[in-house]
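Undergrad: Before I ask anything, let me first share the structure, which is written out below as structure tokens.
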Amino acid sequence: MSIDAERGSLPWTDRDGLGSGPISVSGYTSPDYYQSEIERLWKKTWLDVGRVHQLANPGDYFVKDLPALNASILVARAKDGSIRAFHNICTHRCNRVVQQDRGNAKAFTCNFHGWSYRLDGTLAVITDESNFFDIDKADYGLAPVHVDTWEDFVFINLATEPAETLTEYLGDLVTGMSGYPFEEFTHEIAWAGDLQCNWKLIQDAFLEAYHVGTLHPQSAGPANASPQNPYAHPPHFGFTKYHSTSSVVANLGYLPPPMQMMAMTTGVASVADGIRLAGNSVSPPMMNPAGAPEWQAELFAIFPSTILICLSDFFLHFNCRPLAVDRCRFEIKQCVRPPRNASERWAHEVSAGSLYATVLEDISTVERIQSNMASGVRKAMVLQDYEVQIRNTHHWCQQFAGAYPEV
Amino acid sequence: MATEDTLPAGFEDLLPYVSWALPTQSARSDKKMQSSIEEVTAFYDAGMRDGRVMDALRHCDQYPLDDMPADARRLFHLTLSIAEVRPQVEMYGQIDPPNAVSPSRLRMTPESDAR
């Protein structure tokens with residue numbers, strides 16, 4: 001069966017109801033547009049900020065800083081078992097309450113004057129209280145932030161009243177990925193860095209496979225681009241609400257080099273390089289809907305900037321956050337089952353090294369592209385049909401934050 | 001030989017490479033990027049010859065991951081360095097890949113680095 005059998009004669013972009021024209025570069029370069037994105041998109045949508053398993057026990061917490069949104073969010077498991085989120089701002093004089101990134105606490109105590117908050121955000125202690133005037137502690141709890149979970153992911157929404165629940169926001173992803181064991185993949189091999197580019201540029205780098213053979217000729221290229229499918233065309237794209245999916249294919253003819261072969265003998269998953277391990281049959285409806293024998297992973301672009309690449313044995317978790325119109329903070333995590341011994345831990349290292357090498361290549365284009373776009377020489381970029389996931393992101397950005405201005 | 005340089009008995013062939021026994025991924029990456037392709041290839045060859053790295057891992061497997069004796073932990077860190085040099089040897093044949101940014105641009109988070 002041809003890799004393009006499902007597509008037939010109808011371009012993927014038409015199935016998504018999108019056009020085929022050029023996309024203005026101003027979405028990446030305009031400072032005014034960036035401000036519009038911050039106010040109308042980033043402060044109004046559900047953002048993935050952590051994992052449920054990081055909040056396994058009452059008192060477990062983590063802090064997610066979102067400086068471009070003027071926010072530091074404290075997320076905690078309260079005594080009653082619920083997950084709560086708050087602005088990390090003391091109600092006395094606006095100091096930052098929790099200084100650590102994560103931990104376990106019985107209460108959150110501000111280091112300035114010792115005001116102390118319970119895990120549910122209510123104010124328990126005002127030090128030297130009798131010298132305040134007419135204060136009711138009930139009015140001085142931490143400001144709450146909307147929080148909800150999907151599978152093992154914690155999402156927050158900075159809107160005063162979110163337009164949709166998280167379930168509504170995620171659309172068909174909720175049923176489509178039901179059964180995928182996200183909660184088993186708790187060991188995170190994580191990297192982060194600040195990049196001199198608009199957040200959408202680094203995300204674009206992962207939203208198409210067209211580049212894989214050219215930009216990654218020695219890393220991911222041999223494993224994912226084949227003579228039969230040199231541009232790694234996905235056999236399937238899906239679209240639901242603001243999000244898009246695609247099936248990632250492997251080169252079935254790929255012969256792994258010696259160390260990769262050795263790593264496979266440990267029985268631990270290998271990263272996106274053409275190797276699939278038998279025996280772990282996970283088949284939620286959205287995994288390999290085309291039934292392609294070359295299938296290796298399903299890629300989920302969760303608007304605005306979360307990407308999950310789900311293989312049978314583990315998943316990759318990317319996100320990026322804006323810092324300025326031409327800066328962003330980029331994080332990638334390889335999420336695997338906790339290694340049980342040295343061999344498994346070593347196999348993860350081999351696998352993570354392959355991913356890392358590929359991502360360093362992906363990063364190599366983005367800062368050059370940002371400055372080239374800012375030069376104004378080119379007003380727009382053109383996208384082919386298999387770059388439809390990029391087109392989808394731009395479509396929804398503009399639905400939230402307005403049309404990209406003329407260059 | 002000082003006690004802080006020992007490897008478990010039977011792994012004397014890897015002693016010339018004990019300086020690769022580094023406890024964090026960032027340290028292993030930095031050492032790799034400061035080495036020559038000849039140095040990392042020799043290290044790779046020593047680790048891959050006759051499946052030595054698998055012998056080393058089998059030795060370390062007898063201990064809990066977070067509770068190994070010092071010489072086994074040193075051997076384990078050495079195996080992680082063998083993994084670290086794989087891209088340079090198996091993919092690129094050079095230290096600096098042609099199409100990539102420096103590893104300094106994307107660093108392992110502190111929590112991941114120390115594991």
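Residues in the structure tokens are named by chain (A, B, ... in the order shown) and by number from 1 within that chain; ligands are numbered from 1 in the order shown.
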Assign secondary structure with DSSP using the backbone only, and return the residues of stretch 158-208 of chain A in strand (DSSP E or B) as a list in words.
TA: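 Those in stretch 158-208 of chain A that DSSP calls strand (DSSP E or B) are His187, Glu188, Ile189, Ala190, Trp191, Ala192, Gly193, Asp194 and Leu195 of chain A.
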Undergrad: Write out the residues from the selection above, keeping all heavy atoms, as a compact mmCIF listing (two decimals), in the first residue's frame.
TA:
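Output saved as result-v1.txt:
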```txt
# COMPACT_ATOMS: atom_id res chain seq x y z
N HIS A 187 10.40 8.63 34.22
CA HIS A 187 11.82 9.00 34.27
C HIS A 187 12.07 9.96 33.12
O HIS A 187 11.93 9.57 31.96
CB HIS A 187 12.68 7.75 34.15
CG HIS A 187 14.14 7.99 34.26
ND1 HIS A 187 14.82 7.95 35.46
CD2 HIS A 187 15.07 8.28 33.32
CE1 HIS A 187 16.10 8.19 35.25
NE2 HIS A 187 16.29 8.39 33.97
N GLU A 188 12.42 11.19 33.43
CA GLU A 188 12.58 12.21 32.39
C GLU A 188 14.05 12.54 32.19
O GLU A 188 14.75 12.95 33.12
CB GLU A 188 11.82 13.48 32.77
CG GLU A 188 10.31 13.30 32.85
CD GLU A 188 9.57 14.58 33.20
OE1 GLU A 188 10.17 15.44 33.89
OE2 GLU A 188 8.42 14.73 32.78
N ILE A 189 14.51 12.37 30.95
CA ILE A 189 15.85 12.81 30.57
C ILE A 189 15.61 14.15 29.87
O ILE A 189 15.03 14.20 28.79
CB ILE A 189 16.49 11.78 29.62
CG1 ILE A 189 16.51 10.40 30.28
CG2 ILE A 189 17.90 12.23 29.24
CD1 ILE A 189 16.76 9.26 29.32
N ALA A 190 16.02 15.22 30.51
CA ALA A 190 15.54 16.55 30.12
C ALA A 190 16.68 17.51 29.81
O ALA A 190 17.69 17.56 30.51
CB ALA A 190 14.68 17.13 31.25
N TRP A 191 16.48 18.28 28.76
CA TRP A 191 17.41 19.35 28.38
C TRP A 191 16.62 20.65 28.22
O TRP A 191 15.43 20.62 27.91
CB TRP A 191 18.09 19.07 27.03
CG TRP A 191 18.90 17.84 26.92
CD1 TRP A 191 20.24 17.72 27.06
CD2 TRP A 191 18.44 16.52 26.55
NE1 TRP A 191 20.65 16.43 26.82
CE2 TRP A 191 19.56 15.68 26.51
CE3 TRP A 191 17.17 15.99 26.25
CZ2 TRP A 191 19.48 14.31 26.19
CZ3 TRP A 191 17.08 14.64 25.93
CH2 TRP A 191 18.22 13.82 25.90
N ALA A 192 17.31 21.78 28.38
CA ALA A 192 16.65 23.07 28.18
C ALA A 192 17.67 24.09 27.67
O ALA A 192 18.88 23.94 27.88
CB ALA A 192 16.04 23.57 29.49
N GLY A 193 17.15 25.09 26.99
CA GLY A 193 18.03 26.16 26.53
C GLY A 193 17.22 27.36 26.06
O GLY A 193 16.04 27.21 25.71
N ASP A 194 17.83 28.52 26.09
CA ASP A 194 17.18 29.73 25.57
C ASP A 194 17.66 29.96 24.14
O ASP A 194 18.86 29.90 23.87
CB ASP A 194 17.54 30.95 26.43
CG ASP A 194 16.85 30.91 27.79
OD1 ASP A 194 16.00 30.02 28.00
OD2 ASP A 194 17.17 31.76 28.64
N LEU A 195 16.74 30.20 23.24
CA LEU A 195 17.06 30.36 21.82
C LEU A 195 16.68 31.75 21.35
O LEU A 195 15.70 32.33 21.81
CB LEU A 195 16.29 29.32 20.99
CG LEU A 195 16.50 27.86 21.40
CD1 LEU A 195 15.61 26.94 20.56
CD2 LEU A 195 17.95 27.46 21.29
```
Undergrad: Please check the contacts: residues of chain A at most 10 Å away from chain B, using only C-alpha atoms, listed as a count of residues only.
TA: 54
Undergrad: Provide the atom CA of B:Trp20 to atom CA of A:Val336 distance in Å, to one decimal place.
TA: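 Going from atom CA of B:Trp20 over to atom CA of A:Val336, I get 25.6 Å.
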Undergrad: Report as a ChimeraX atom specification all protein, DNA and RNA residues lying within 9 Å of stretch 383-389 of chain A, evaluated on only C-alpha atoms, omitting residues in the same chain fewer than 5 positions from it.
TA: /A:11-13,16,18,20-23,204,207-210,233-234,237,239,243-246,301,394
Undergrad: Restricting it to N, CA and C atoms, dump the selection as a CSV table (one decimal), in the first residue's frame.
TA:
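Printed below is out_3.csv as written:
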```
chain,number,residue,atom,x,y,z
A,11,PRO,N,-5.5,17.0,-0.9
A,11,PRO,CA,-4.4,17.4,0.0
A,11,PRO,C,-4.8,17.4,1.4
A,12,TRP,N,-3.9,17.2,2.3
A,12,TRP,CA,-4.1,17.2,3.7
A,12,TRP,C,-4.6,18.6,4.2
A,13,THR,N,-4.1,19.6,3.5
A,13,THR,CA,-4.5,21.0,3.9
A,13,THR,C,-6.0,21.2,3.6
A,16,ASP,N,-8.1,19.8,6.4
A,16,ASP,CA,-8.1,20.6,7.6
A,16,ASP,C,-8.8,21.9,7.3
A,18,LEU,N,-7.9,24.3,5.5
A,18,LEU,CA,-6.9,25.4,5.4
A,18,LEU,C,-6.6,25.7,3.9
A,20,SER,N,-3.6,27.2,0.9
A,20,SER,CA,-2.3,26.8,0.4
A,20,SER,C,-1.4,27.9,0.2
A,21,GLY,N,-1.8,29.1,0.6
A,21,GLY,CA,-1.0,30.3,0.2
A,21,GLY,C,0.2,30.5,1.1
A,22,PRO,N,1.0,31.5,0.9
A,22,PRO,CA,2.1,31.9,1.7
A,22,PRO,C,1.7,32.4,3.1
A,23,ILE,N,2.6,32.3,4.0
A,23,ILE,CA,2.3,32.8,5.4
A,23,ILE,C,3.3,33.9,5.7
A,204,ASP,N,8.2,24.9,14.7
A,204,ASP,CA,8.1,24.5,13.3
A,204,ASP,C,9.1,23.4,13.0
A,207,LEU,N,7.5,20.1,13.4
A,207,LEU,CA,6.2,19.9,12.9
A,207,LEU,C,6.2,19.4,11.5
A,208,GLU,N,7.3,19.1,10.9
A,208,GLU,CA,7.4,18.5,9.6
A,208,GLU,C,8.5,17.5,9.5
A,209,ALA,N,8.4,16.4,8.7
A,209,ALA,CA,9.4,15.5,8.5
A,209,ALA,C,10.1,15.7,7.2
A,210,TYR,N,9.7,16.6,6.4
A,210,TYR,CA,10.3,17.0,5.1
A,210,TYR,C,11.8,17.2,5.2
A,233,HIS,N,7.2,11.3,4.2
A,233,HIS,CA,5.8,11.7,4.2
A,233,HIS,C,5.0,10.8,5.2
A,234,PRO,N,4.3,11.5,6.1
A,234,PRO,CA,3.5,10.8,7.0
A,234,PRO,C,2.3,10.1,6.3
A,237,PHE,N,-2.4,12.4,8.7
A,237,PHE,CA,-2.5,13.6,9.5
A,237,PHE,C,-3.9,13.6,10.1
A,239,PHE,N,-6.7,16.2,12.6
A,239,PHE,CA,-6.9,17.5,13.1
A,239,PHE,C,-8.1,17.5,14.0
A,243,HIS,N,-5.5,21.4,17.5
A,243,HIS,CA,-4.4,20.5,17.5
A,243,HIS,C,-4.3,19.7,16.2
A,244,SER,N,-3.1,19.2,16.0
A,244,SER,CA,-2.9,18.3,14.8
A,244,SER,C,-2.0,17.1,15.2
A,245,THR,N,-2.2,16.1,14.4
A,245,THR,CA,-1.4,14.9,14.7
A,245,THR,C,-0.8,14.4,13.4
A,246,SER,N,0.3,13.6,13.5
A,246,SER,CA,0.9,13.0,12.3
A,246,SER,C,1.5,11.7,12.7
A,301,ALA,N,0.7,17.7,18.1
A,301,ALA,CA,1.0,19.1,18.3
A,301,ALA,C,-0.2,19.7,19.1
A,394,HIS,N,-0.3,28.2,12.6
A,394,HIS,CA,-0.4,29.6,12.3
A,394,HIS,C,-1.9,30.0,12.2
```
Undergrad: So the first atom is atom CA of A:Arg321 and the second is atom CA of A:Gln398; what is the distance between them in Å, to one decimal place?
TA: 17.5 Å
Undergrad: Let's see if you can do this: from backbone DSSP, list all helix (DSSP H, G or I) residues in stretch 220-276 of chain A, as a list in words.
TA: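 Of stretch 220-276 of chain A, only Gly221, Pro222, Ala223, Asn224, Pro258, Met259, Gln260, Met261, Met262, Ala263 and Met264 of chain A fall in helix (DSSP H, G or I).
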Undergrad: Please write the residues from the selection above to a file, keeping N, CA and C atoms, as a PDB file, in the first residue's frame.
TA:
```
ATOM      1  N   GLY A 221      18.173  11.082   9.854  1.00  0.00           N
ATOM      2  CA  GLY A 221      17.879  10.863   8.438  1.00  0.00           C
ATOM      3  C   GLY A 221      17.880   9.409   8.012  1.00  0.00           C
ATOM      4  N   PRO A 222      18.984   8.684   8.215  1.00  0.00           N
ATOM      5  CA  PRO A 222      19.020   7.289   7.750  1.00  0.00           C
ATOM      6  C   PRO A 222      17.932   6.433   8.373  1.00  0.00           C
ATOM      7  N   ALA A 223      17.516   6.788   9.573  1.00  0.00           N
ATOM      8  CA  ALA A 223      16.548   5.966  10.288  1.00  0.00           C
ATOM      9  C   ALA A 223      15.108   6.268   9.897  1.00  0.00           C
ATOM     10  N   ASN A 224      14.857   7.462   9.375  1.00  0.00           N
ATOM     11  CA  ASN A 224      13.475   7.846   9.124  1.00  0.00           C
ATOM     12  C   ASN A 224      13.156   8.158   7.663  1.00  0.00           C
ATOM     13  N   PRO A 258      26.760  -0.460  15.380  1.00  0.00           N
ATOM     14  CA  PRO A 258      27.030  -1.448  16.434  1.00  0.00           C
ATOM     15  C   PRO A 258      26.514  -1.076  17.821  1.00  0.00           C
ATOM     16  N   MET A 259      26.748   0.167  18.262  1.00  0.00           N
ATOM     17  CA  MET A 259      26.343   0.462  19.637  1.00  0.00           C
ATOM     18  C   MET A 259      24.826   0.507  19.776  1.00  0.00           C
ATOM     19  N   GLN A 260      24.157   0.959  18.758  1.00  0.00           N
ATOM     20  CA  GLN A 260      22.693   0.954  18.791  1.00  0.00           C
ATOM     21  C   GLN A 260      22.169  -0.474  18.854  1.00  0.00           C
ATOM     22  N   MET A 261      22.798  -1.369  18.105  1.00  0.00           N
ATOM     23  CA  MET A 261      22.377  -2.774  18.139  1.00  0.00           C
ATOM     24  C   MET A 261      22.579  -3.336  19.538  1.00  0.00           C
ATOM     25  N   MET A 262      23.701  -2.975  20.137  1.00  0.00           N
ATOM     26  CA  MET A 262      23.983  -3.452  21.499  1.00  0.00           C
ATOM     27  C   MET A 262      22.929  -2.934  22.467  1.00  0.00           C
ATOM     28  N   ALA A 263      22.559  -1.666  22.336  1.00  0.00           N
ATOM     29  CA  ALA A 263      21.583  -1.075  23.253  1.00  0.00           C
ATOM     30  C   ALA A 263      20.244  -1.797  23.136  1.00  0.00           C
ATOM     31  N   MET A 264      19.901  -2.226  21.929  1.00  0.00           N
ATOM     32  CA  MET A 264      18.631  -2.933  21.735  1.00  0.00           C
ATOM     33  C   MET A 264      18.589  -4.234  22.505  1.00  0.00           C
TER      34      MET A 264
END
```
Undergrad: Which residue gives the smallest distance to A:Ala159 among A:Lys137, A:Lys43, A:Arg118, A:Arg77, with only C-alpha atoms counted?
TA: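 Distance minimum relative to A:Ala159 lands on A:Lys43.
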Undergrad: Write out as a PyMOL selection string each polymer residue whose atoms come within 12 Å of B:Glu38, counting only C-alpha atoms; drop sequence neighbours fewer than 3 positions from it.
TA: chain B and resi 32+34-35+41-45+85+88-89+93-95
Undergrad: Write the residues of the selection above to a file with all heavy atoms, as a tab-separated table (two decimals), in the first residue's frame.
TA:
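selection-v4.tsv written:
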```
chain	number	residue	atom	x	y	z
B	32	LYS	N	34.28	15.14	26.01
B	32	LYS	CA	34.22	14.68	24.62
B	32	LYS	C	34.50	15.82	23.66
B	32	LYS	O	35.32	15.70	22.74
B	32	LYS	CB	32.82	14.12	24.33
B	32	LYS	CG	32.58	13.79	22.87
B	32	LYS	CD	31.18	13.28	22.63
B	32	LYS	CE	30.15	14.38	22.64
B	32	LYS	NZ	28.79	13.87	22.32
B	34	GLN	N	36.16	18.39	24.05
B	34	GLN	CA	37.54	18.89	24.14
B	34	GLN	C	38.56	17.85	23.69
B	34	GLN	O	39.76	18.11	23.71
B	34	GLN	CB	37.85	19.31	25.59
B	34	GLN	CG	37.14	20.58	25.99
B	34	GLN	CD	36.95	20.67	27.51
B	34	GLN	OE1	37.70	20.06	28.27
B	34	GLN	NE2	35.95	21.42	27.93
B	35	SER	N	38.09	16.67	23.28
B	35	SER	CA	39.00	15.61	22.85
B	35	SER	C	39.14	15.64	21.33
B	35	SER	O	38.37	16.29	20.63
B	35	SER	CB	38.45	14.25	23.27
B	35	SER	OG	38.26	14.19	24.67
B	41	THR	N	37.73	7.91	19.34
B	41	THR	CA	37.60	6.66	18.58
B	41	THR	C	38.35	5.54	19.28
B	41	THR	O	37.86	4.40	19.34
B	41	THR	CB	38.12	6.84	17.14
B	41	THR	OG1	37.42	7.94	16.54
B	41	THR	CG2	37.90	5.59	16.32
B	42	ALA	N	39.52	5.83	19.83
B	42	ALA	CA	40.27	4.81	20.57
B	42	ALA	C	39.49	4.35	21.79
B	42	ALA	O	39.44	3.15	22.11
B	42	ALA	CB	41.64	5.36	20.98
B	43	PHE	N	38.85	5.30	22.46
B	43	PHE	CA	38.04	4.98	23.63
B	43	PHE	C	36.84	4.13	23.22
B	43	PHE	O	36.53	3.11	23.85
B	43	PHE	CB	37.61	6.29	24.30
B	43	PHE	CG	36.68	6.14	25.47
B	43	PHE	CD1	36.94	5.22	26.48
B	43	PHE	CD2	35.53	6.91	25.57
B	43	PHE	CE1	36.08	5.08	27.56
B	43	PHE	CE2	34.67	6.79	26.66
B	43	PHE	CZ	34.95	5.87	27.64
B	44	TYR	N	36.15	4.53	22.17
B	44	TYR	CA	35.03	3.76	21.63
B	44	TYR	C	35.47	2.33	21.30
B	44	TYR	O	34.81	1.36	21.67
B	44	TYR	CB	34.49	4.48	20.39
B	44	TYR	CG	33.47	3.71	19.57
B	44	TYR	CD1	32.10	3.91	19.74
B	44	TYR	CD2	33.88	2.81	18.58
B	44	TYR	CE1	31.17	3.22	18.97
B	44	TYR	CE2	32.96	2.12	17.80
B	44	TYR	CZ	31.61	2.33	18.01
B	44	TYR	OH	30.70	1.65	17.23
B	45	ASP	N	36.59	2.22	20.60
B	45	ASP	CA	37.07	0.89	20.20
B	45	ASP	C	37.35	0.02	21.41
B	45	ASP	O	37.04	-1.17	21.42
B	45	ASP	CB	38.34	1.02	19.34
B	45	ASP	CG	38.04	1.54	17.94
B	45	ASP	OD1	36.85	1.49	17.52
B	45	ASP	OD2	38.98	2.00	17.26
B	85	VAL	N	30.13	9.17	23.46
B	85	VAL	CA	30.95	9.42	22.26
B	85	VAL	C	30.36	8.77	21.00
B	85	VAL	O	30.87	8.96	19.91
B	85	VAL	CB	32.42	8.98	22.45
B	85	VAL	CG1	33.03	9.70	23.65
B	85	VAL	CG2	32.55	7.48	22.57
B	88	GLN	N	29.75	10.95	17.77
B	88	GLN	CA	30.98	11.41	17.10
B	88	GLN	C	31.60	10.30	16.27
B	88	GLN	O	32.15	10.56	15.19
B	88	GLN	CB	31.98	11.92	18.15
B	88	GLN	CG	31.83	13.40	18.48
B	88	GLN	CD	30.46	13.79	19.03
B	88	GLN	OE1	29.77	12.99	19.67
B	88	GLN	NE2	30.07	15.03	18.81
B	89	VAL	N	31.53	9.05	16.77
B	89	VAL	CA	32.20	7.94	16.09
B	89	VAL	C	31.27	7.28	15.06
B	89	VAL	O	31.66	7.08	13.91
B	89	VAL	CB	32.69	6.90	17.12
B	89	VAL	CG1	33.34	5.71	16.43
B	89	VAL	CG2	33.67	7.56	18.09
B	93	GLY	N	32.12	10.93	12.49
B	93	GLY	CA	33.54	10.82	12.17
B	93	GLY	C	34.31	12.09	12.49
B	93	GLY	O	35.43	12.30	12.00
B	94	GLN	N	33.74	12.95	13.29
B	94	GLN	CA	34.42	14.17	13.72
B	94	GLN	C	33.78	14.63	15.01
B	94	GLN	O	32.68	14.21	15.35
B	94	GLN	CB	34.34	15.26	12.64
B	94	GLN	CG	32.91	15.65	12.25
B	94	GLN	CD	32.85	16.46	10.97
B	94	GLN	OE1	33.09	15.97	9.87
B	94	GLN	NE2	32.49	17.72	11.10
B	95	ILE	N	34.47	15.55	15.71
B	95	ILE	CA	33.96	16.00	17.02
B	95	ILE	C	32.80	16.96	16.84
B	95	ILE	O	31.76	16.85	17.48
B	95	ILE	CB	35.09	16.63	17.85
B	95	ILE	CG1	36.16	15.60	18.19
B	95	ILE	CG2	34.53	17.27	19.13
B	95	ILE	CD1	35.69	14.46	19.07
```
Undergrad: Which polymer residues have any atom within 12 Å of an atom of A:Lys79, counting only C-alpha atoms, with same-chain residues fewer than 3 positions away left out, as number ranges by chain?
TA: A: 55-61, 76, 82-84, 104-107, 118-121
Undergrad: In Å, rounded to a single decimal, give me how far atom CA of A:Leu69 is from atom CA of A:Ile126.
TA: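 Straight-line distance from atom CA of A:Ile126 to atom CA of A:Leu69 works out to 29.0 Å.
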Undergrad: Pick out the residues sitting within 10 Å of A:Cys328, and hand them over as a PyMOL selection string; count only C-alpha atoms, and ignore anything fewer than 2 positions along from it in its own chain.
TA: chain A and resi 68+193-202+320-326+330-331
Undergrad: Write the residues of the preceding selection, restricted to N, CA, C and O atoms, as a tab-separated table (two decimals), in the first residue's frame.
TA:
```
chain	number	residue	atom	x	y	z
A	68	ALA	N	7.40	35.71	30.51
A	68	ALA	CA	6.78	36.53	29.48
A	68	ALA	C	5.31	36.78	29.78
A	68	ALA	O	4.71	37.72	29.25
A	193	GLY	N	17.15	25.09	26.99
A	193	GLY	CA	18.03	26.16	26.53
A	193	GLY	C	17.22	27.36	26.06
A	193	GLY	O	16.04	27.21	25.71
A	194	ASP	N	17.83	28.52	26.09
A	194	ASP	CA	17.18	29.73	25.57
A	194	ASP	C	17.66	29.96	24.14
A	194	ASP	O	18.86	29.90	23.87
A	195	LEU	N	16.74	30.20	23.24
A	195	LEU	CA	17.06	30.36	21.82
A	195	LEU	C	16.68	31.75	21.35
A	195	LEU	O	15.70	32.33	21.81
A	196	GLN	N	17.49	32.27	20.42
A	196	GLN	CA	17.24	33.62	19.89
A	196	GLN	C	16.28	33.53	18.70
A	196	GLN	O	16.65	33.82	17.56
A	197	CYS	N	15.08	33.07	18.98
A	197	CYS	CA	14.09	32.98	17.90
A	197	CYS	C	12.71	33.03	18.52
A	197	CYS	O	12.53	32.77	19.71
A	198	ASN	N	11.73	33.39	17.69
A	198	ASN	CA	10.33	33.36	18.10
A	198	ASN	C	9.94	31.92	18.46
A	198	ASN	O	10.41	30.97	17.83
A	199	TRP	N	9.07	31.77	19.46
A	199	TRP	CA	8.70	30.44	19.91
A	199	TRP	C	8.16	29.58	18.78
A	199	TRP	O	8.35	28.36	18.77
A	200	LYS	N	7.52	30.17	17.81
A	200	LYS	CA	6.93	29.36	16.74
A	200	LYS	C	8.00	28.75	15.84
A	200	LYS	O	7.79	27.69	15.24
A	201	LEU	N	9.17	29.36	15.76
A	201	LEU	CA	10.21	28.84	14.87
A	201	LEU	C	10.77	27.51	15.35
A	201	LEU	O	10.99	26.60	14.55
A	202	ILE	N	11.05	27.39	16.64
A	202	ILE	CA	11.61	26.12	17.11
A	202	ILE	C	10.52	25.05	17.06
A	202	ILE	O	10.79	23.89	16.80
A	320	CYS	N	7.95	24.88	24.28
A	320	CYS	CA	8.70	26.13	24.26
A	320	CYS	C	7.79	27.23	24.78
A	320	CYS	O	6.58	27.16	24.63
A	321	ARG	N	8.41	28.23	25.39
A	321	ARG	CA	7.66	29.34	25.95
A	321	ARG	C	8.26	30.63	25.44
A	321	ARG	O	9.48	30.74	25.37
A	322	PRO	N	7.44	31.61	25.11
A	322	PRO	CA	8.00	32.89	24.65
A	322	PRO	C	8.74	33.60	25.78
A	322	PRO	O	8.33	33.51	26.93
A	323	LEU	N	9.83	34.28	25.42
A	323	LEU	CA	10.49	35.20	26.33
A	323	LEU	C	10.45	36.62	25.78
A	323	LEU	O	10.44	37.59	26.52
A	324	ALA	N	10.45	36.73	24.46
A	324	ALA	CA	10.36	38.00	23.73
A	324	ALA	C	9.96	37.62	22.32
A	324	ALA	O	9.89	36.43	22.00
A	325	VAL	N	9.72	38.62	21.45
A	325	VAL	CA	9.32	38.27	20.08
A	325	VAL	C	10.37	37.38	19.42
A	325	VAL	O	10.03	36.50	18.63
A	326	ASP	N	11.64	37.60	19.78
A	326	ASP	CA	12.71	36.83	19.13
A	326	ASP	C	13.52	36.01	20.11
A	326	ASP	O	14.71	35.75	19.89
A	330	PHE	N	13.26	26.75	25.43
A	330	PHE	CA	12.93	25.47	24.79
A	330	PHE	C	13.31	24.33	25.73
A	330	PHE	O	14.38	24.34	26.32
A	331	GLU	N	12.41	23.38	25.89
A	331	GLU	CA	12.68	22.21	26.73
A	331	GLU	C	12.35	20.95	25.95
A	331	GLU	O	11.33	20.90	25.27
```
